[in-house]
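Chemist: Input query-v9.tsv, format and content: TSV, C-alpha atoms.
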chain	number	residue	atom	x	y	z
A	1	MET	CA	100.99	59.60	128.07
A	2	THR	CA	104.78	59.35	128.32
A	3	ARG	CA	106.39	62.67	129.26
A	4	VAL	CA	109.72	63.70	127.71
A	5	PHE	CA	112.05	66.50	128.81
A	6	SER	CA	115.26	67.74	127.23
A	7	GLY	CA	117.10	70.99	126.73
A	8	VAL	CA	119.92	72.91	125.10
A	9	LYS	CA	122.45	75.15	126.82
A	10	PRO	CA	123.07	78.60	125.25
A	11	THR	CA	126.85	78.58	125.64
A	12	GLY	CA	127.58	78.61	121.91
A	13	HIS	CA	126.00	78.37	118.48
A	14	LEU	CA	124.11	75.11	117.95
A	15	THR	CA	125.89	72.54	115.82
A	16	LEU	CA	125.28	69.66	113.47
A	17	GLY	CA	125.93	67.43	116.46
A	18	ASN	CA	123.10	69.05	118.41
A	19	TYR	CA	120.78	68.58	115.45
A	20	LEU	CA	121.62	65.00	114.46
A	21	GLY	CA	122.10	63.85	118.05
A	22	ALA	CA	118.95	65.33	119.54
A	23	MET	CA	116.94	68.11	117.88
A	24	ARG	CA	115.86	66.20	114.79
A	25	GLN	CA	114.51	63.32	116.86
A	26	TRP	CA	112.67	65.76	119.12
A	27	ALA	CA	110.91	67.19	116.08
A	28	THR	CA	110.25	64.05	114.05
A	29	VAL	CA	109.53	61.55	116.83
A	30	ASP	CA	109.30	62.75	120.42
A	31	GLN	CA	106.81	65.61	120.12
A	32	HIS	CA	104.40	63.33	118.25
A	33	ARG	CA	104.53	60.33	120.56
A	34	ALA	CA	104.79	61.95	123.99
A	35	GLU	CA	103.93	64.99	126.10
A	36	SER	CA	107.20	66.79	125.41
A	37	LEU	CA	108.98	69.74	126.99
A	38	PHE	CA	112.05	71.34	125.39
A	39	CYS	CA	113.93	73.94	127.34
A	40	ILE	CA	116.67	76.50	126.74
A	41	VAL	CA	118.60	75.88	129.97
A	42	ASP	CA	120.07	79.36	130.35
A	43	LEU	CA	120.84	78.98	134.06
A	44	HIS	CA	123.41	76.34	133.12
A	45	ALA	CA	125.20	78.90	130.96
A	46	LEU	CA	126.10	80.85	134.11
A	47	THR	CA	128.37	78.10	135.45
A	48	VAL	CA	131.33	79.48	133.47
A	49	ASP	CA	132.66	82.93	132.68
A	50	HIS	CA	130.23	84.51	130.22
A	51	ASP	CA	129.07	87.71	128.56
A	52	PRO	CA	125.49	88.41	129.75
A	53	ALA	CA	124.45	89.97	126.44
A	54	ARG	CA	125.80	86.97	124.53
A	55	VAL	CA	123.87	84.54	126.73
A	56	ARG	CA	120.68	86.43	125.95
A	57	ARG	CA	121.43	86.43	122.20
A	58	LEU	CA	122.26	82.74	122.17
A	59	SER	CA	119.15	81.91	124.21
A	60	ARG	CA	116.95	83.62	121.63
A	61	GLN	CA	118.86	82.01	118.78
A	62	ALA	CA	118.53	78.56	120.36
A	63	ALA	CA	114.79	78.99	120.80
A	64	THR	CA	114.44	80.12	117.20
A	65	LEU	CA	116.48	77.17	115.93
A	66	LEU	CA	114.43	74.68	117.95
A	67	LEU	CA	111.33	75.99	116.20
A	68	ALA	CA	113.14	76.04	112.86
A	69	ALA	CA	114.11	72.40	113.36
A	70	GLY	CA	110.43	71.51	113.50
A	71	LEU	CA	109.26	71.79	117.09
A	72	ASP	CA	105.59	72.75	117.02
A	73	PRO	CA	104.25	74.72	120.02
A	74	GLU	CA	100.86	73.13	119.36
A	75	LEU	CA	102.40	69.71	120.01
A	76	CYS	CA	105.08	70.43	122.63
A	77	THR	CA	106.17	73.00	125.19
A	78	VAL	CA	109.15	75.21	124.34
A	79	PHE	CA	110.38	77.57	127.05
A	80	VAL	CA	113.34	79.19	128.80
A	81	GLN	CA	114.52	77.65	132.08
A	82	SER	CA	114.93	80.92	134.00
A	83	HIS	CA	111.33	81.87	133.20
A	84	VAL	CA	110.11	79.06	135.48
A	85	ASP	CA	111.15	79.52	139.12
A	86	GLU	CA	110.49	75.89	140.00
A	87	HIS	CA	113.83	74.81	138.50
A	88	ALA	CA	115.85	76.82	141.02
A	89	ARG	CA	113.45	76.00	143.87
A	90	LEU	CA	113.82	72.28	143.37
A	91	SER	CA	117.55	72.41	142.73
A	92	TYR	CA	118.32	73.47	146.31
A	93	VAL	CA	116.13	70.73	147.77
A	94	LEU	CA	117.96	68.15	145.66
A	95	GLU	CA	121.33	69.55	146.75
A	96	CYS	CA	120.22	68.53	150.23
A	97	VAL	CA	119.92	64.95	148.95
A	98	ALA	CA	123.03	64.77	146.74
A	99	THR	CA	126.55	64.20	148.06
A	100	ASP	CA	129.84	65.97	147.40
A	101	GLY	CA	131.38	62.74	146.12
A	102	GLU	CA	128.66	62.28	143.51
A	103	MET	CA	129.26	65.76	142.16
A	104	ARG	CA	133.01	65.38	141.93
A	105	ARG	CA	132.70	62.10	140.03
A	106	MET	CA	130.85	63.77	137.16
A	107	ILE	CA	133.06	63.41	134.08
A	108	GLN	CA	132.31	66.85	132.65
A	109	TYR	CA	133.15	68.54	135.95
A	110	LYS	CA	136.45	66.68	136.20
A	111	GLU	CA	137.40	67.55	132.61
A	112	LYS	CA	136.46	71.24	132.83
A	113	ALA	CA	137.99	71.68	136.28
A	114	ALA	CA	141.25	70.10	135.10
A	115	ARG	CA	141.44	72.40	132.07
A	116	GLU	CA	140.77	75.47	134.21
A	117	ARG	CA	143.35	74.51	136.82
A	118	ALA	CA	145.91	73.89	134.08
A	119	ARG	CA	145.42	77.53	133.08
A	120	GLY	CA	145.97	78.58	136.68
A	121	GLY	CA	142.32	79.44	137.31
A	122	SER	CA	139.52	78.07	139.45
A	123	VAL	CA	135.99	76.90	138.73
A	124	ARG	CA	132.70	78.26	139.98
A	125	LEU	CA	130.79	76.34	142.61
A	126	SER	CA	127.85	76.19	140.21
A	127	LEU	CA	129.92	74.08	137.81
A	128	LEU	CA	130.20	71.46	140.54
A	129	THR	CA	126.52	71.51	141.43
A	130	TYR	CA	124.93	72.04	138.02
A	131	PRO	CA	124.14	68.31	137.57
A	132	VAL	CA	121.72	68.76	140.47
A	133	LEU	CA	120.06	71.64	138.64
A	134	MET	CA	119.84	69.36	135.62
A	135	ALA	CA	118.16	66.75	137.79
A	136	ALA	CA	115.70	69.40	138.98
A	137	ASP	CA	114.96	70.32	135.36
A	138	ILE	CA	113.90	66.74	134.71
A	139	LEU	CA	112.24	65.74	137.97
A	140	ALA	CA	110.09	68.87	138.25
A	141	TYR	CA	108.03	67.65	135.29
A	142	GLY	CA	107.72	63.98	136.14
A	143	ALA	CA	109.51	63.13	132.90
A	144	ASP	CA	109.63	59.45	131.98
A	145	GLU	CA	112.29	59.86	129.30
A	146	VAL	CA	115.22	62.19	128.71
A	147	PRO	CA	116.52	62.06	125.10
A	148	VAL	CA	120.22	62.98	125.29
A	149	GLY	CA	123.54	62.41	123.64
A	150	ASP	CA	125.62	59.69	125.26
A	151	ASP	CA	127.88	62.32	126.88
A	152	GLN	CA	124.94	63.33	129.08
A	153	ALA	CA	123.87	59.83	130.08
A	154	GLN	CA	125.85	60.03	133.34
A	155	HIS	CA	123.80	63.05	134.40
A	156	VAL	CA	120.56	61.19	133.80
A	157	GLU	CA	121.88	58.34	135.96
A	158	LEU	CA	122.53	60.87	138.74
A	159	THR	CA	118.99	62.14	138.31
A	160	ARG	CA	117.67	58.60	138.70
A	161	ASP	CA	119.75	58.12	141.85
A	162	LEU	CA	118.55	61.36	143.42
A	163	ALA	CA	114.91	60.63	142.61
A	164	ALA	CA	115.09	57.11	144.06
A	165	ARG	CA	116.91	58.34	147.19
A	166	PHE	CA	114.41	61.14	147.78
A	167	ASN	CA	111.48	58.78	147.32
A	168	GLN	CA	112.98	56.28	149.76
A	169	ARG	CA	113.73	58.84	152.46
A	170	TYR	CA	110.75	61.18	152.21
A	171	GLY	CA	108.00	59.29	150.42
A	172	TYR	CA	107.21	58.77	146.77
A	173	THR	CA	107.43	62.15	145.03
A	174	PHE	CA	109.36	61.81	141.77
A	175	VAL	CA	109.09	59.70	138.64
A	176	VAL	CA	112.45	57.95	138.09
A	177	PRO	CA	113.34	58.80	134.45
A	178	ARG	CA	115.48	56.99	131.91
A	179	ALA	CA	117.81	58.27	129.19
A	180	THR	CA	117.01	57.50	125.56
A	181	LEU	CA	119.72	57.65	122.88
A	182	PRO	CA	119.33	57.80	119.08
A	183	LYS	CA	120.70	54.71	117.35
A	184	VAL	CA	122.95	56.63	114.94
A	185	GLY	CA	124.52	60.03	115.35
A	186	ALA	CA	124.25	60.02	119.14
A	187	ARG	CA	127.65	61.67	119.35
A	188	VAL	CA	128.91	63.53	116.31
A	189	MET	CA	132.63	64.14	116.67
A	190	ASN	CA	134.80	67.15	115.83
A	191	LEU	CA	135.92	67.00	112.19
A	192	GLN	CA	139.45	68.05	113.14
A	193	ASP	CA	139.64	65.89	116.27
A	194	PRO	CA	137.44	62.80	115.85
A	195	LEU	CA	138.18	61.70	119.41
A	196	SER	CA	136.38	64.79	120.77
A	197	LYS	CA	132.69	65.68	120.61
A	198	MET	CA	131.54	68.38	118.20
A	199	GLY	CA	130.73	70.75	121.05
A	200	LYS	CA	129.16	74.17	120.59
A	201	SER	CA	131.41	75.65	123.29
A	202	ASP	CA	134.57	74.42	121.53
A	203	ASP	CA	136.92	77.00	120.02
A	204	SER	CA	137.96	74.70	117.15
A	205	GLY	CA	135.76	76.32	114.52
A	206	PRO	CA	137.15	74.39	111.51
A	207	GLY	CA	136.07	71.12	113.08
A	208	ILE	CA	132.55	72.22	113.94
A	209	VAL	CA	129.62	72.56	111.55
A	210	TYR	CA	127.20	75.12	112.93
A	211	LEU	CA	123.52	74.99	111.99
A	212	LEU	CA	123.71	78.46	110.45
A	213	ASP	CA	126.92	77.90	108.47
A	214	GLU	CA	126.61	78.83	104.80
A	215	PRO	CA	126.67	75.86	102.37
A	216	ASP	CA	130.15	76.68	101.08
A	217	VAL	CA	131.46	76.88	104.65
A	218	VAL	CA	129.94	73.47	105.41
A	219	ARG	CA	131.53	71.94	102.31
A	220	LYS	CA	134.95	73.39	103.16
A	221	LYS	CA	134.84	72.07	106.72
A	222	VAL	CA	133.78	68.56	105.69
A	223	MET	CA	136.28	68.35	102.84
A	224	ARG	CA	139.07	69.26	105.28
A	225	ALA	CA	137.98	66.71	107.87
A	226	VAL	CA	140.74	64.62	109.41
A	227	THR	CA	140.80	61.02	108.22
A	228	ASP	CA	143.02	58.07	109.06
A	229	SER	CA	145.99	56.20	107.63
A	230	GLY	CA	145.25	53.54	105.06
A	231	GLN	CA	143.39	53.59	101.74
A	232	GLU	CA	140.35	51.37	102.30
A	233	VAL	CA	137.13	53.05	103.37
A	234	VAL	CA	135.82	50.93	106.23
A	235	TYR	CA	133.74	51.63	109.32
A	236	ASP	CA	135.80	51.02	112.46
A	237	ARG	CA	135.13	53.41	115.32
A	238	GLU	CA	138.18	52.27	117.33
A	239	ALA	CA	140.85	51.96	114.65
A	240	ARG	CA	139.57	54.54	112.11
A	241	PRO	CA	137.75	57.26	114.13
A	242	GLY	CA	137.99	59.94	111.44
A	243	LEU	CA	136.39	57.77	108.76
A	244	ALA	CA	133.87	56.41	111.24
A	245	ASN	CA	132.77	59.94	112.10
A	246	LEU	CA	132.20	60.84	108.44
A	247	LEU	CA	130.31	57.60	107.81
A	248	GLU	CA	128.11	58.16	110.87
A	249	ILE	CA	127.33	61.71	109.78
A	250	LEU	CA	126.46	60.53	106.26
A	251	ALA	CA	124.33	57.72	107.67
A	252	SER	CA	122.49	60.11	109.98
A	253	CYS	CA	121.79	62.52	107.13
A	254	THR	CA	120.65	59.90	104.63
A	255	GLY	CA	119.09	57.22	106.81
A	256	GLY	CA	121.77	54.69	105.87
A	257	ASN	CA	123.95	52.33	107.86
A	258	PRO	CA	127.56	53.42	108.48
A	259	SER	CA	128.96	49.91	108.14
A	260	GLU	CA	127.20	49.35	104.81
A	261	LEU	CA	128.17	52.80	103.53
A	262	GLY	CA	131.80	52.00	104.21
A	263	GLY	CA	131.73	49.41	101.43
A	264	VAL	CA	130.34	51.85	98.88
A	265	TYR	CA	133.29	54.24	98.59
A	266	GLU	CA	136.70	53.67	97.05
A	267	SER	CA	138.24	56.97	98.12
A	268	TYR	CA	138.16	59.41	101.02
A	269	GLY	CA	137.45	62.27	98.63
A	270	ALA	CA	134.23	60.75	97.30
A	271	LEU	CA	133.03	60.02	100.83
A	272	LYS	CA	133.76	63.58	101.96
A	273	LYS	CA	132.01	65.08	98.93
A	274	ASP	CA	128.84	63.06	99.47
A	275	THR	CA	128.90	63.74	103.22
A	276	ALA	CA	129.27	67.47	102.64
A	277	GLU	CA	126.32	67.58	100.23
A	278	ALA	CA	124.20	65.48	102.56
A	279	VAL	CA	124.87	67.88	105.44
A	280	VAL	CA	124.07	70.91	103.27
A	281	GLU	CA	120.72	69.39	102.28
A	282	VAL	CA	119.84	68.43	105.86
A	283	LEU	CA	120.52	71.97	107.08
A	284	ARG	CA	118.83	73.78	104.19
A	285	PRO	CA	115.21	73.66	105.49
A	286	VAL	CA	116.32	74.53	109.01
A	287	GLN	CA	118.16	77.61	107.80
A	288	GLU	CA	115.27	78.71	105.60
A	289	ARG	CA	112.77	78.41	108.46
A	290	HIS	CA	115.18	80.19	110.82
A	291	LYS	CA	115.29	83.15	108.45
A	292	GLU	CA	111.48	83.31	108.40
A	293	LEU	CA	111.25	83.21	112.20
A	294	CYS	CA	113.88	85.93	112.61
A	295	ALA	CA	111.62	88.18	110.55
A	296	ASP	CA	108.83	87.66	113.11
A	297	PRO	CA	110.43	87.97	116.59
A	298	GLY	CA	107.05	88.53	118.23
A	299	TYR	CA	106.06	84.99	117.33
A	300	VAL	CA	109.08	83.48	119.08
A	301	GLU	CA	108.49	85.65	122.16
A	302	GLY	CA	104.87	84.49	122.30
A	303	VAL	CA	105.88	80.85	122.05
A	304	LEU	CA	108.32	81.25	124.94
A	305	ARG	CA	105.81	83.14	127.08
A	306	ASP	CA	103.07	80.56	126.56
A	307	GLY	CA	105.54	77.73	127.02
A	308	ALA	CA	106.70	79.09	130.38
A	309	GLU	CA	103.12	79.35	131.60
A	310	ARG	CA	102.41	75.73	130.67
A	311	ALA	CA	105.69	74.51	132.14
A	312	ARG	CA	105.09	76.38	135.39
A	313	ALA	CA	101.66	74.83	135.76
A	314	MET	CA	103.13	71.35	135.26
A	315	ALA	CA	106.13	71.79	137.57
A	316	ARG	CA	104.65	73.62	140.56
A	317	PRO	CA	102.59	70.75	142.02
A	318	THR	CA	105.59	68.40	142.02
A	319	VAL	CA	107.97	70.98	143.51
A	320	ASP	CA	105.44	71.94	146.17
A	321	ALA	CA	105.04	68.26	147.03
A	322	ALA	CA	108.83	67.89	147.34
A	323	TYR	CA	108.96	70.87	149.70
A	324	ARG	CA	106.30	69.35	151.92
A	325	ALA	CA	107.89	65.89	151.81
A	326	ILE	CA	111.32	67.09	152.89
A	327	GLY	CA	109.89	69.02	155.84
A	328	LEU	CA	109.35	72.60	154.71
A	329	LEU	CA	106.33	74.47	156.05
A	330	PRO	CA	103.82	75.21	153.29
A	331	ALA	CA	103.27	78.87	152.50
A	332	THR	CA	99.79	80.38	152.74
A	333	SER	CA	98.23	83.15	150.70
A	334	ASP	CA	98.04	85.41	153.74
A	335	SER	CA	100.73	86.36	156.23
A	336	VAL	CA	101.66	83.35	158.34
A	337	ALA	CA	100.93	83.92	162.02
A	338	VAL	CA	102.94	81.66	164.31
A	339	ASP	CA	102.34	81.16	168.02
A	340	THR	CA	105.03	83.12	169.88
A	341	GLY	CA	105.41	80.19	172.20
A	342	ALA	CA	106.14	77.69	169.46
A	343	VAL	CA	109.55	76.15	169.53
A	344	ASP	CA	110.96	74.11	166.64
A	345	SER	CA	114.38	72.50	167.04
A	346	GLY	CA	115.27	75.03	169.74
A	347	VAL	CA	114.38	78.11	167.68
A	348	VAL	CA	111.56	80.41	168.81
A	349	LEU	CA	109.36	81.49	165.88
A	350	ASN	CA	107.87	84.95	166.39
A	351	ALA	CA	104.49	85.85	164.99
A	352	ALA	CA	104.39	87.97	161.87
A	353	ARG	CA	103.35	91.54	162.77
Would you write out, as structure tokens, the structure that this file holds?

Modeler:
Amino acid sequence: MTRVFSGVKPTGHLTLGNYLGAMRQWATVDQHRAESLFCIVDLHALTVDHDPARVRRLSRQAATLLLAAGLDPELCTVFVQSHVDEHARLSYVLECVATDGEMRRMIQYKEKAARERARGGSVRLSLLTYPVLMAADILAYGADEVPVGDDQAQHVELTRDLAARFNQRYGYTFVVPRATLPKVGARVMNLQDPLSKMGKSDDSGPGIVYLLDEPDVVRKKVMRAVTDSGQEVVYDREARPGLANLLEILASCTGGNPSELGGVYESYGALKKDTAEAVVEVLRPVQERHKELCADPGYVEGVLRDGAERARAMARPTVDAAYRAIGLLPATSDSVAVDTGAVDSGVVLNAAR
């Protein structure tokens, strides 16, 4: 069976963009057609300045929202990245295959590093190397597909490159995965800045619809969305990005086609009103289920515990194979006794005593 891996980073509250661009497809399609793993990638949240307590809260909230969105632990594996040591184990091995140039070409690193330097600060080393950890997340499970938004496609390409390079140098070890993108809603844009992604780490609250926003808050944000000059409602991503964003959101919520929907409306106001109501209705069942799950925290904890056990069992054989392939001495269950006369690359290995 095809194996699918994807994850969410607990750096902010999950948004409509996360749901339409990824989570809904995970629940309605991927977990039914493939052996699927969905991960809260909390180690990635440490690449920037953060409040430890907030990371923990957001990790729990993300897990609860994944389940509220329809992920079924009987059909898929839901777990927290830091609960499975194989992610960090494999990440270092892949750092020994990746190059500095590859890391510095990553678009997200360049953008975040530039913003930080403009403020007179510096970035953490982990921000530079986190695409390798992302590659480890994927390759540890032999995933065939990685459903992502188009802003993450570059990272999947890096993963493919690292897997192919490792296999060529050290013997076939990793499945080379491919990114899969939803046809509509792959990248929901900020309602106040339609040239920027609706990111959960963004500070522009008025332009972001969060999954737990109250209906009236959702309506207010959509009705205040930035549009474009001109009177005609047409779908044109390049010339009319504000309108295109609203039409894509409406299409994603209703199953329509953004180009066809553009010919239905005679005013921006009518389009915004229908888009707002469509978003409210899409989020309603997610919010209701989230409330139920919050009333039973033991259930969520059990799902994450069982998910980590399953994930660990799947990842360990591949990571152990990568360690052997790259030249690391396998560990044994007992203390390793080494001949005191053994010499490896000029280093004398003393017996364990």

Chemist: Would you work out the distance separating CA of Leu43 (chain A) from CA of Ser82 (chain A), expressed in Å to one decimal?

Modeler: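 According to the coordinates, CA of Leu43 (chain A) and CA of Ser82 (chain A) are separated by 6.2 Å.
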
Chemist: May I have the residues at most 12 Å from (117.0, 72.0, 103.8) in the file's coordinates, counting only C-alpha atoms, as a ChimeraX atom specification?

Modeler: /A:68-70,211-212,214-215,253,277-290

Chemist: Pull C-alpha atoms from the residues just selected and write them as a PDB file, keeping the file's coordinate frame.

Modeler:
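What follows is the written file out04.pdb:
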ATOM      1  CA  ALA A  68     113.140  76.040 112.860  1.00  0.00           C
ATOM      2  CA  ALA A  69     114.110  72.400 113.360  1.00  0.00           C
ATOM      3  CA  GLY A  70     110.430  71.510 113.500  1.00  0.00           C
ATOM      4  CA  LEU A 211     123.520  74.990 111.990  1.00  0.00           C
ATOM      5  CA  LEU A 212     123.710  78.460 110.450  1.00  0.00           C
ATOM      6  CA  GLU A 214     126.610  78.830 104.800  1.00  0.00           C
ATOM      7  CA  PRO A 215     126.670  75.860 102.370  1.00  0.00           C
ATOM      8  CA  CYS A 253     121.790  62.520 107.130  1.00  0.00           C
ATOM      9  CA  GLU A 277     126.320  67.580 100.230  1.00  0.00           C
ATOM     10  CA  ALA A 278     124.200  65.480 102.560  1.00  0.00           C
ATOM     11  CA  VAL A 279     124.870  67.880 105.440  1.00  0.00           C
ATOM     12  CA  VAL A 280     124.070  70.910 103.270  1.00  0.00           C
ATOM     13  CA  GLU A 281     120.720  69.390 102.280  1.00  0.00           C
ATOM     14  CA  VAL A 282     119.840  68.430 105.860  1.00  0.00           C
ATOM     15  CA  LEU A 283     120.520  71.970 107.080  1.00  0.00           C
ATOM     16  CA  ARG A 284     118.830  73.780 104.190  1.00  0.00           C
ATOM     17  CA  PRO A 285     115.210  73.660 105.490  1.00  0.00           C
ATOM     18  CA  VAL A 286     116.320  74.530 109.010  1.00  0.00           C
ATOM     19  CA  GLN A 287     118.160  77.610 107.800  1.00  0.00           C
ATOM     20  CA  GLU A 288     115.270  78.710 105.600  1.00  0.00           C
ATOM     21  CA  ARG A 289     112.770  78.410 108.460  1.00  0.00           C
ATOM     22  CA  HIS A 290     115.180  80.190 110.820  1.00  0.00           C
TER      23      HIS A 290
END

Chemist: Show me the residues around (130.8, 73.7, 140.0) - criterion: an atom at most 12 Å away, only C-alpha atoms counted - as a ChimeraX atom specification.

Modeler: /A:44-49,100,103-106,108-113,116,122-133

Chemist: Restricting it to C-alpha atoms, dump the selection as a PDB file, keeping the file's coordinate frame.

Modeler:
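What landed in selection.pdb:
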ATOM      1  CA  HIS A  44     123.410  76.340 133.120  1.00  0.00           C
ATOM      2  CA  ALA A  45     125.200  78.900 130.960  1.00  0.00           C
ATOM      3  CA  LEU A  46     126.100  80.850 134.110  1.00  0.00           C
ATOM      4  CA  THR A  47     128.370  78.100 135.450  1.00  0.00           C
ATOM      5  CA  VAL A  48     131.330  79.480 133.470  1.00  0.00           C
ATOM      6  CA  ASP A  49     132.660  82.930 132.680  1.00  0.00           C
ATOM      7  CA  ASP A 100     129.840  65.970 147.400  1.00  0.00           C
ATOM      8  CA  MET A 103     129.260  65.760 142.160  1.00  0.00           C
ATOM      9  CA  ARG A 104     133.010  65.380 141.930  1.00  0.00           C
ATOM     10  CA  ARG A 105     132.700  62.100 140.030  1.00  0.00           C
ATOM     11  CA  MET A 106     130.850  63.770 137.160  1.00  0.00           C
ATOM     12  CA  GLN A 108     132.310  66.850 132.650  1.00  0.00           C
ATOM     13  CA  TYR A 109     133.150  68.540 135.950  1.00  0.00           C
ATOM     14  CA  LYS A 110     136.450  66.680 136.200  1.00  0.00           C
ATOM     15  CA  GLU A 111     137.400  67.550 132.610  1.00  0.00           C
ATOM     16  CA  LYS A 112     136.460  71.240 132.830  1.00  0.00           C
ATOM     17  CA  ALA A 113     137.990  71.680 136.280  1.00  0.00           C
ATOM     18  CA  GLU A 116     140.770  75.470 134.210  1.00  0.00           C
ATOM     19  CA  SER A 122     139.520  78.070 139.450  1.00  0.00           C
ATOM     20  CA  VAL A 123     135.990  76.900 138.730  1.00  0.00           C
ATOM     21  CA  ARG A 124     132.700  78.260 139.980  1.00  0.00           C
ATOM     22  CA  LEU A 125     130.790  76.340 142.610  1.00  0.00           C
ATOM     23  CA  SER A 126     127.850  76.190 140.210  1.00  0.00           C
ATOM     24  CA  LEU A 127     129.920  74.080 137.810  1.00  0.00           C
ATOM     25  CA  LEU A 128     130.200  71.460 140.540  1.00  0.00           C
ATOM     26  CA  THR A 129     126.520  71.510 141.430  1.00  0.00           C
ATOM     27  CA  TYR A 130     124.930  72.040 138.020  1.00  0.00           C
ATOM     28  CA  PRO A 131     124.140  68.310 137.570  1.00  0.00           C
ATOM     29  CA  VAL A 132     121.720  68.760 140.470  1.00  0.00           C
ATOM     30  CA  LEU A 133     120.060  71.640 138.640  1.00  0.00           C
TER      31      LEU A 133
END

Chemist: Find the residues around Ala315 (chain A) up to 7 Å (all atoms listed in the file counted), leave out those fewer than 6 positions away in its own chain, and share them as a compact mmCIF listing (two decimals) with C-alpha atoms, keeping the file's coordinate frame.

Modeler:
# COMPACT_ATOMS: atom_id res chain seq x y z
CA GLU A 86 110.49 75.89 140.00
CA ALA A 140 110.09 68.87 138.25
CA TYR A 141 108.03 67.65 135.29

Chemist: Counting only C-alpha atoms, what are the residues of region 1-104 of chain A within 12 Å of region 186-191 of chain A, and for each of them which pair of atoms is the nearest and at what distance in Å, to one decimal? Sort the table by chain and rising number, as CSV.

Modeler:
residue,atom,partner,partner_atom,distance
A:Thr15,CA,A:Val188,CA,9.5
A:Leu16,CA,A:Val188,CA,7.7
A:Gly17,CA,A:Val188,CA,4.9
A:Asn18,CA,A:Val188,CA,8.3
A:Tyr19,CA,A:Val188,CA,9.6
A:Leu20,CA,A:Ala186,CA,7.3
A:Gly21,CA,A:Ala186,CA,4.5
A:Ala22,CA,A:Ala186,CA,7.5
A:Met23,CA,A:Ala186,CA,11.0
A:Arg24,CA,A:Ala186,CA,11.3
A:Gln25,CA,A:Ala186,CA,10.5

Chemist: In terms of the shortest atom-to-atom distance over all atoms listed in the file, which of A:Val233, A:Ala88, A:Leu243, A:Val303 is closest to Tyr265 (chain A)?

Modeler: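 For Tyr265 (chain A), the nearest of the given residues is A:Val233.
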
Chemist: CA of Lys272 (chain A) and CA of Met223 (chain A) are how many Å apart?

Modeler: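 Between CA of Lys272 (chain A) and CA of Met223 (chain A) the gap works out to 5.5 Å.
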
Chemist: Which one is closest to Ala313 (chain A): A:Ile208, A:Cys39, A:Val84, A:Ala62? Count only C-alpha atoms.

Modeler: A:Val84

Chemist: Please report the interatomic distance between CA of Asn245 (chain A) and CA of Pro194 (chain A) in Å with one decimal.

Modeler: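 About the pair CA of Asn245 (chain A) and CA of Pro194 (chain A): they are 6.6 Å apart.
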